[in-house]
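Note: the block below is structure.cif and it holds mmCIF, C-alpha atoms.
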```cif
data_upload
#
loop_
_atom_site.group_PDB
_atom_site.id
_atom_site.type_symbol
_atom_site.label_atom_id
_atom_site.label_comp_id
_atom_site.auth_asym_id
_atom_site.auth_seq_id
_atom_site.Cartn_x
_atom_site.Cartn_y
_atom_site.Cartn_z
ATOM 1 C CA MET A 18 -2.681 17.085 -21.223
ATOM 2 C CA ILE A 19 -0.320 17.543 -24.168
ATOM 3 C CA ASP A 20 2.088 15.012 -22.609
ATOM 4 C CA ILE A 21 -0.703 12.421 -22.491
ATOM 5 C CA LEU A 22 -1.502 13.113 -26.160
ATOM 6 C CA ARG A 23 2.159 12.850 -27.090
ATOM 7 C CA LYS A 24 2.529 9.461 -25.396
ATOM 8 C CA ARG A 25 -0.806 7.927 -26.398
ATOM 9 C CA ARG A 26 -0.475 5.209 -29.011
ATOM 10 C CA SER A 27 -2.694 2.295 -29.966
ATOM 11 C CA VAL A 28 -1.662 -0.623 -27.773
ATOM 12 C CA ARG A 29 -2.715 -4.124 -28.773
ATOM 13 C CA LYS A 30 -0.590 -6.268 -26.428
ATOM 14 C CA TYR A 31 -1.316 -6.317 -22.714
ATOM 15 C CA LYS A 32 0.319 -7.749 -19.621
ATOM 16 C CA ASP A 33 -1.440 -10.527 -17.752
ATOM 17 C CA GLU A 34 -2.236 -8.103 -14.956
ATOM 18 C CA ASP A 35 -5.596 -7.038 -13.577
ATOM 19 C CA ILE A 36 -6.640 -3.401 -13.640
ATOM 20 C CA GLU A 37 -7.259 -2.095 -10.140
ATOM 21 C CA PRO A 38 -10.950 -1.528 -9.302
ATOM 22 C CA GLU A 39 -10.306 2.141 -8.471
ATOM 23 C CA ILE A 40 -8.931 2.710 -11.987
ATOM 24 C CA VAL A 41 -11.987 1.014 -13.514
ATOM 25 C CA GLU A 42 -14.164 3.333 -11.396
ATOM 26 C CA LEU A 43 -12.146 6.338 -12.609
ATOM 27 C CA LEU A 44 -12.781 5.259 -16.212
ATOM 28 C CA LYS A 45 -16.504 5.017 -15.495
ATOM 29 C CA GLU A 46 -16.480 8.539 -14.080
ATOM 30 C CA ALA A 47 -14.503 9.840 -17.067
ATOM 31 C CA ALA A 48 -17.027 8.281 -19.459
ATOM 32 C CA LEU A 49 -19.952 9.898 -17.667
ATOM 33 C CA ARG A 50 -18.195 13.292 -17.657
ATOM 34 C CA SER A 51 -17.686 13.239 -21.434
ATOM 35 C CA PRO A 52 -18.925 16.273 -23.351
ATOM 36 C CA THR A 53 -22.218 15.743 -25.115
ATOM 37 C CA SER A 54 -24.284 17.804 -27.522
ATOM 38 C CA ARG A 55 -27.103 19.680 -25.802
ATOM 39 C CA ASN A 56 -26.346 17.603 -22.688
ATOM 40 C CA PHE A 57 -28.486 14.742 -24.065
ATOM 41 C CA ARG A 58 -26.018 12.063 -22.875
ATOM 42 C CA PRO A 59 -27.327 9.343 -25.208
ATOM 43 C CA TRP A 60 -24.350 7.057 -24.635
ATOM 44 C CA ARG A 61 -24.261 3.818 -22.685
ATOM 45 C CA PHE A 62 -21.106 2.042 -21.530
ATOM 46 C CA VAL A 63 -20.730 -1.668 -20.938
ATOM 47 C CA PHE A 64 -17.609 -2.440 -18.898
ATOM 48 C CA VAL A 65 -16.538 -6.019 -19.592
ATOM 49 C CA GLU A 66 -13.911 -7.773 -17.473
ATOM 50 C CA ASP A 67 -15.118 -11.347 -17.921
ATOM 51 C CA ARG A 68 -12.419 -13.126 -19.947
ATOM 52 C CA SER A 69 -14.863 -15.361 -21.842
ATOM 53 C CA LYS A 70 -16.940 -12.349 -22.931
ATOM 54 C CA LEU A 71 -13.797 -10.466 -23.960
ATOM 55 C CA GLU A 72 -12.846 -13.503 -26.062
ATOM 56 C CA ALA A 73 -16.300 -13.568 -27.692
ATOM 57 C CA LEU A 74 -16.255 -9.813 -28.317
ATOM 58 C CA SER A 75 -12.776 -10.097 -29.853
ATOM 59 C CA LYS A 76 -14.432 -11.931 -32.759
ATOM 60 C CA ALA A 77 -16.671 -8.963 -33.629
ATOM 61 C CA LYS A 78 -15.029 -8.596 -37.025
ATOM 62 C CA PRO A 79 -12.546 -10.561 -39.153
ATOM 63 C CA SER A 80 -9.638 -8.235 -38.403
ATOM 64 C CA GLY A 81 -8.904 -5.398 -36.031
ATOM 65 C CA SER A 82 -10.576 -6.769 -32.896
ATOM 66 C CA SER A 83 -8.750 -9.989 -31.945
ATOM 67 C CA PHE A 84 -6.442 -8.217 -29.467
ATOM 68 C CA LEU A 85 -9.445 -7.586 -27.198
ATOM 69 C CA ALA A 86 -9.085 -11.213 -26.053
ATOM 70 C CA GLY A 87 -5.780 -10.295 -24.366
ATOM 71 C CA ALA A 88 -7.089 -7.141 -22.701
ATOM 72 C CA ARG A 89 -8.173 -7.013 -19.077
ATOM 73 C CA LEU A 90 -11.032 -4.623 -19.758
ATOM 74 C CA GLY A 91 -13.214 -3.884 -22.731
ATOM 75 C CA VAL A 92 -15.573 -0.935 -22.818
ATOM 76 C CA VAL A 93 -18.414 -1.118 -25.313
ATOM 77 C CA VAL A 94 -19.577 2.377 -26.227
ATOM 78 C CA CYS A 95 -23.153 2.296 -27.393
ATOM 79 C CA THR A 96 -26.267 4.431 -27.453
ATOM 80 C CA ALA A 97 -29.974 4.766 -27.441
ATOM 81 C CA GLU A 98 -30.050 6.161 -30.982
ATOM 82 C CA ASP A 99 -33.416 7.863 -30.607
ATOM 83 C CA GLU A 100 -32.119 10.119 -27.820
ATOM 84 C CA SER A 101 -29.903 12.273 -30.026
ATOM 85 C CA ASP A 102 -29.284 13.045 -33.678
ATOM 86 C CA VAL A 103 -25.546 13.366 -32.972
ATOM 87 C CA TRP A 104 -25.033 10.130 -31.039
ATOM 88 C CA ILE A 105 -22.108 9.148 -33.286
ATOM 89 C CA GLU A 106 -20.227 12.288 -32.316
ATOM 90 C CA ASP A 107 -21.116 11.949 -28.627
ATOM 91 C CA CYS A 108 -20.005 8.316 -28.526
ATOM 92 C CA SER A 109 -16.788 9.136 -30.379
ATOM 93 C CA ILE A 110 -15.957 11.909 -27.917
ATOM 94 C CA ALA A 111 -16.634 9.573 -24.983
ATOM 95 C CA SER A 112 -14.386 6.933 -26.557
ATOM 96 C CA ILE A 113 -11.365 9.225 -26.732
ATOM 97 C CA ILE A 114 -12.056 10.619 -23.256
ATOM 98 C CA LEU A 115 -11.916 7.020 -21.984
ATOM 99 C CA GLN A 116 -8.645 6.396 -23.809
ATOM 100 C CA LEU A 117 -7.032 9.563 -22.476
ATOM 101 C CA ALA A 118 -8.211 8.818 -18.918
ATOM 102 C CA GLY A 119 -6.736 5.331 -19.214
ATOM 103 C CA GLN A 120 -3.455 6.705 -20.567
ATOM 104 C CA SER A 121 -3.258 9.086 -17.603
ATOM 105 C CA ARG A 122 -3.319 6.046 -15.284
ATOM 106 C CA GLY A 123 -0.730 3.993 -17.150
ATOM 107 C CA LEU A 124 -3.109 1.891 -19.247
ATOM 108 C CA GLY A 125 -2.703 1.155 -22.903
ATOM 109 C CA SER A 126 -5.777 1.093 -25.107
ATOM 110 C CA CYS A 127 -6.979 0.672 -28.644
ATOM 111 C CA TRP A 128 -10.228 1.713 -30.331
ATOM 112 C CA ILE A 129 -12.179 -0.969 -32.196
ATOM 113 C CA GLN A 130 -14.618 0.361 -34.800
ATOM 114 C CA ILE A 131 -17.926 -1.523 -34.699
ATOM 115 C CA ARG A 132 -20.508 0.688 -36.428
ATOM 116 C CA LEU A 133 -20.657 -0.045 -40.172
ATOM 117 C CA ARG A 134 -18.420 -3.130 -39.874
ATOM 118 C CA MET A 135 -19.252 -6.772 -40.565
ATOM 119 C CA HIS A 136 -18.745 -9.809 -38.346
ATOM 120 C CA ASP A 137 -19.172 -12.114 -41.344
ATOM 121 C CA ASP A 138 -21.067 -12.140 -44.646
ATOM 122 C CA SER A 139 -24.498 -11.955 -43.021
ATOM 123 C CA VAL A 140 -24.058 -10.577 -39.487
ATOM 124 C CA THR A 141 -22.929 -7.053 -38.644
ATOM 125 C CA SER A 142 -20.372 -6.403 -35.930
ATOM 126 C CA GLU A 143 -23.087 -4.528 -34.022
ATOM 127 C CA GLU A 144 -25.354 -7.572 -34.112
ATOM 128 C CA HIS A 145 -22.519 -9.777 -32.869
ATOM 129 C CA VAL A 146 -21.730 -7.451 -29.944
ATOM 130 C CA ARG A 147 -25.414 -7.106 -29.027
ATOM 131 C CA SER A 148 -25.743 -10.896 -29.088
ATOM 132 C CA VAL A 149 -22.711 -11.476 -26.830
ATOM 133 C CA LEU A 150 -23.900 -8.887 -24.299
ATOM 134 C CA GLY A 151 -27.640 -9.514 -24.565
ATOM 135 C CA LEU A 152 -28.358 -5.931 -25.604
ATOM 136 C CA PRO A 153 -31.689 -5.047 -27.243
ATOM 137 C CA GLU A 154 -31.850 -4.221 -30.955
ATOM 138 C CA SER A 155 -32.656 -0.607 -30.066
ATOM 139 C CA ILE A 156 -29.080 -0.133 -28.825
ATOM 140 C CA ARG A 157 -26.529 0.957 -31.439
ATOM 141 C CA VAL A 158 -22.860 0.072 -30.908
ATOM 142 C CA GLU A 159 -20.302 2.664 -31.969
ATOM 143 C CA SER A 160 -17.038 1.168 -30.731
ATOM 144 C CA MET A 161 -15.223 -1.006 -28.243
ATOM 145 C CA ILE A 162 -12.065 -0.019 -26.454
ATOM 146 C CA ALA A 163 -9.522 -2.554 -25.230
ATOM 147 C CA PHE A 164 -7.624 -1.638 -22.040
ATOM 148 C CA GLY A 165 -4.725 -3.189 -20.196
ATOM 149 C CA TYR A 166 -1.244 -2.544 -18.929
ATOM 150 C CA PRO A 167 0.929 -2.293 -22.052
ATOM 151 C CA ASP A 168 3.140 -5.223 -22.952
ATOM 152 C CA GLU A 169 4.695 -3.362 -25.857
ATOM 153 C CA GLU A 170 6.655 -0.143 -26.136
ATOM 154 C CA LYS A 171 5.737 2.409 -28.762
ATOM 155 C CA ALA A 172 7.625 5.636 -29.100
ATOM 156 C CA PRO A 173 5.626 8.849 -29.451
ATOM 157 C CA VAL A 174 5.225 10.152 -32.976
ATOM 158 C CA PRO A 175 8.008 12.739 -33.427
ATOM 159 C CA ALA A 176 6.802 16.326 -33.790
ATOM 160 C CA GLU A 177 8.503 16.626 -37.174
ATOM 161 C CA GLU A 178 6.341 13.755 -38.484
ATOM 162 C CA LEU A 179 3.089 15.540 -37.654
ATOM 163 C CA GLU A 180 1.219 16.654 -40.767
ATOM 164 C CA HIS A 181 1.452 20.396 -40.154
ATOM 165 C CA GLU A 182 0.093 21.090 -43.643
ATOM 166 C CA LYS A 183 -3.318 19.991 -42.367
ATOM 167 C CA ILE A 184 -3.503 23.105 -40.216
ATOM 168 C CA LEU A 185 -5.171 25.648 -42.475
ATOM 169 C CA SER A 186 -4.784 29.374 -42.019
ATOM 170 C CA ASP A 187 -7.299 32.015 -42.927
#
```
Mind turning this structure into structure tokens?
Amino acid sequence: MIDILRKRRSVRKYKDEDIEPEIVELLKEAALRSPTSRNFRPWRFVFVEDRSKLEALSKAKPSGSSFLAGARLGVVVCTAEDESDVWIEDCSIASIILQLAGQSRGLGSCWIQIRLRMHDDSVTSEEHVRSVLGLPESIRVESMIAFGYPDEEKAPVPAEELEHEKILSD
């Protein structure tokens, strides 16, 4: 696991190569196995492979989402908010579990923050995503994750650059 964490970097450029169906199924399983507070499992996952929908979703906010258009898979992590008071935490955990599972299979990925972001001056990013996917207003959108085979090389962060001072001792 530590090797996966060492290698994982945010990847925003992807090869024009489909992700094998068995890897997509593995990601679905990983998402559903994510830890969740009190086993409430409030999360929902929308797996998007349709290129036109990925393009539309890539416009969720003015910056920080455009690379989704070049991905071969986008996973929208959302929730039925009324099912848990800690849905933000549960969805965040599921998001990183998805990224680590993808990394373990050679995929690059990048998290796209949606909650509390704006699409434009009058529409939230959540509203935009719900509109593209036809989701009801009762569904809250935490994040989207872009996946694809990396078309960029990023070296791991060297151990000496880790912020060791953020580890507090008693």
Problem set entry | Shell around Ile36 in chain A at 8 Å using all atoms listed in the file, local window under 4 positions removed, as JSON, numbers by chain | {"A": [40, 41, 89, 90, 165, 166]}
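Nearest residue to Ser83 in chain A among A:Glu169, A:Leu152, A:His136, A:Glu178 is A:His136, counting only C-alpha atoms.
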For this session: Could you tell me which residues the PyMOL selection byres ((chain A and resi 91) around 7) grabs in this file, written as a PyMOL selection string?
Result: chain A and resi 64-66+71+85+88-90+92-93+161-164
Using all atoms listed in the file, determine which residues lie at most 7 Å from range 46-55 of chain A, disregarding the query and same-chain residues fewer than 4 positions distant; provide the list as a tab-separated table (two decimals) with C-alpha atoms, in the frame of the given file.
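Saved to result-v9.tsv:
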```tsv
chain	number	residue	atom	x	y	z
A	42	GLU	CA	-14.16	3.33	-11.40
A	107	ASP	CA	-21.12	11.95	-28.63
A	110	ILE	CA	-15.96	11.91	-27.92
A	111	ALA	CA	-16.63	9.57	-24.98
A	114	ILE	CA	-12.06	10.62	-23.26
A	115	LEU	CA	-11.92	7.02	-21.98
A	118	ALA	CA	-8.21	8.82	-18.92
```
Problem set entry | Neighbour list for range 139-151 of chain A as a list in words, cut-off 6 Å, only C-alpha atoms, skip fewer than 4 positions in-chain | Ala77, Lys78, Ile131, Arg134, Met135 and Val158 of chain A
Exercise. Quick one, how far is CA of Val174 in chain A from CA of Gln120 in chain A?
Worked result: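 Atom-to-atom, CA of Val174 in chain A and CA of Gln120 in chain A are spaced 15.5 Å apart.
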Exercise. Applied to the shown file, which residues does the PyMOL selection byres ((chain A and resi 167) around 9) return, written as a list in words?
Worked result: Val28, Arg29, Lys30, Tyr31, Lys32, Gly123, Leu124, Gly125, Ser126, Phe164, Gly165, Tyr166, Asp168, Glu169 and Glu170 of chain A
For this session: Rounded to one decimal place, report the CA of Ser160 in chain A-CA of Ser101 in chain A distance in Å.
Result: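 CA of Ser160 in chain A sits 17.0 Å away from CA of Ser101 in chain A.
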For this session: Translate the PyMOL selection byres ((chain A and resi 102) around 12), as applied to the file shown, into an explicit residue set as an NGL selection string.
Result: :A and (53-55 or 57-60 or 96-101 or 103-108)
Problem set entry | Neighbour list for Arg25 in chain A as an MDAnalysis selection string, cut-off 8 Å, only C-alpha atoms, skip fewer than 2 positions in-chain | chainID A and resid 21:23 27 117 120 125 173
For this session: Quote the spacing between CA of Trp128 in chain A and CA of Ala73 in chain A in Å to one decimal place.
Result: 16.7 Å
Problem set entry | Which residue of A:Ala172, A:Ile19, A:Ala86, A:Ile184 approaches Asp33 in chain A most closely, using only C-alpha atoms |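 Nearest to Asp33 in chain A: A:Ala86.
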Exercise. Smallest atom-to-atom distance to Ser109 in chain A: which of A:Arg122, A:Arg26, A:Arg61, A:Lys70, using only C-alpha atoms?
Worked result: A:Arg61
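Distance check against Glu39 in chain A using only C-alpha atoms: of A:Gly87, A:Gly81, A:Gly119, A:Pro175, the minimum falls on A:Gly119.
Among the candidates A:Ile113, A:Leu74, A:Val63, A:Leu133, the residue lying nearest to Val94 in chain A is A:Val63 (atoms considered: all atoms listed in the file).
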For this session: Find, counting all atoms listed in the file, the residue in A:Glu154, A:Lys24, A:Ala176, A:Pro79 that gets nearest to Gln130 in chain A.
Result: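 Looking at the shortest contact to Gln130 in chain A, the residue is A:Pro79.
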